[in-house]
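**Q** My questions will all concern the structure given below.
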Amino acid sequence: MKGDRVEIVVDAGDTTRTYEVVASRAGRRVETAVRRGVVEVSEVTRSGSVVRTARFMATRVLALVEQPVPREDASERSLREDLTA
């Protein structure tokens, strides 16, 4: 979904750095994985093709914040439609 976003805060020695990976187009999503001491954050298409990947050493990652796009459930949608009708 467009709007999926992951923020990564990394220890850069004397300071911290913040990186963002965003699903840039509709139908894309952001996936995270931790493998062999490496944190991978990838933007993926609907078919599963990786568009881009950011890799960080797991020992340097201070925070990993996933912020999905807010999704409405059917009850909220029907309530909003009733109010506008």
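Residues are referred to by chain and number: the chain letter is A, B, ... according to the order shown in the structure tokens, the number counts from 1 in that chain, and ligands are numbered separately from 1 in the order shown.
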So which residues touch A:Val21 within 10 Å, counting only C-alpha atoms, skipping near sequence neighbours fewer than 4 positions away, as a list in words?
**A**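 Here the answer would be Asp4, Arg5, Val6, Glu7, Ile8, Arg29, Val30, Glu31, Val41, Ser42, Glu43, Arg52, Thr53, Ala54 and Glu66 of chain A.
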**Q** Would you kindly return, as a list in words, each protein, DNA or RNA residue with an atom no farther than 10 Å from any atom of A:Leu62, considering only C-alpha atoms and excluding same-chain residues fewer than 2 positions away?
**A**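 Using only C-alpha atoms, the neighbours found are Ile8, Val9, Val10, Asp11, Thr16, Arg17, Thr18, Ala58, Thr59, Arg60 and Leu64 of chain A.
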**Q** Run DSSP on the backbone and give me the residues of stretch 19-59 of chain A it puts in strand (DSSP E or B), as a ChimeraX atom specification.
**A** /A:19-22,29-35,38-44,50-57
**Q** Find the residues near A:Met57: any atom within 10 Å, counting only C-alpha atoms, skip ones fewer than 4 places away on the same chain, and give them as an MDAnalysis selection string.
**A** chainID A and resid 10:11 34:40 61
**Q** Which residue gives the smallest distance to A:Ser49 among A:Arg28, A:Val69, A:Ala12, A:Ala23, with only C-alpha atoms counted?
**A**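 That would be A:Arg28, the residue with the smallest distance to A:Ser49.
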**Q** Go through A:Pro68, A:Ala63, A:Thr32, A:Ser47 and flag the residue nearest A:Tyr19, using only C-alpha atoms for the distances.
**A**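 Of A:Pro68, A:Ala63, A:Thr32, A:Ser47, the one nearest A:Tyr19 is A:Ala63, counting only C-alpha atoms.
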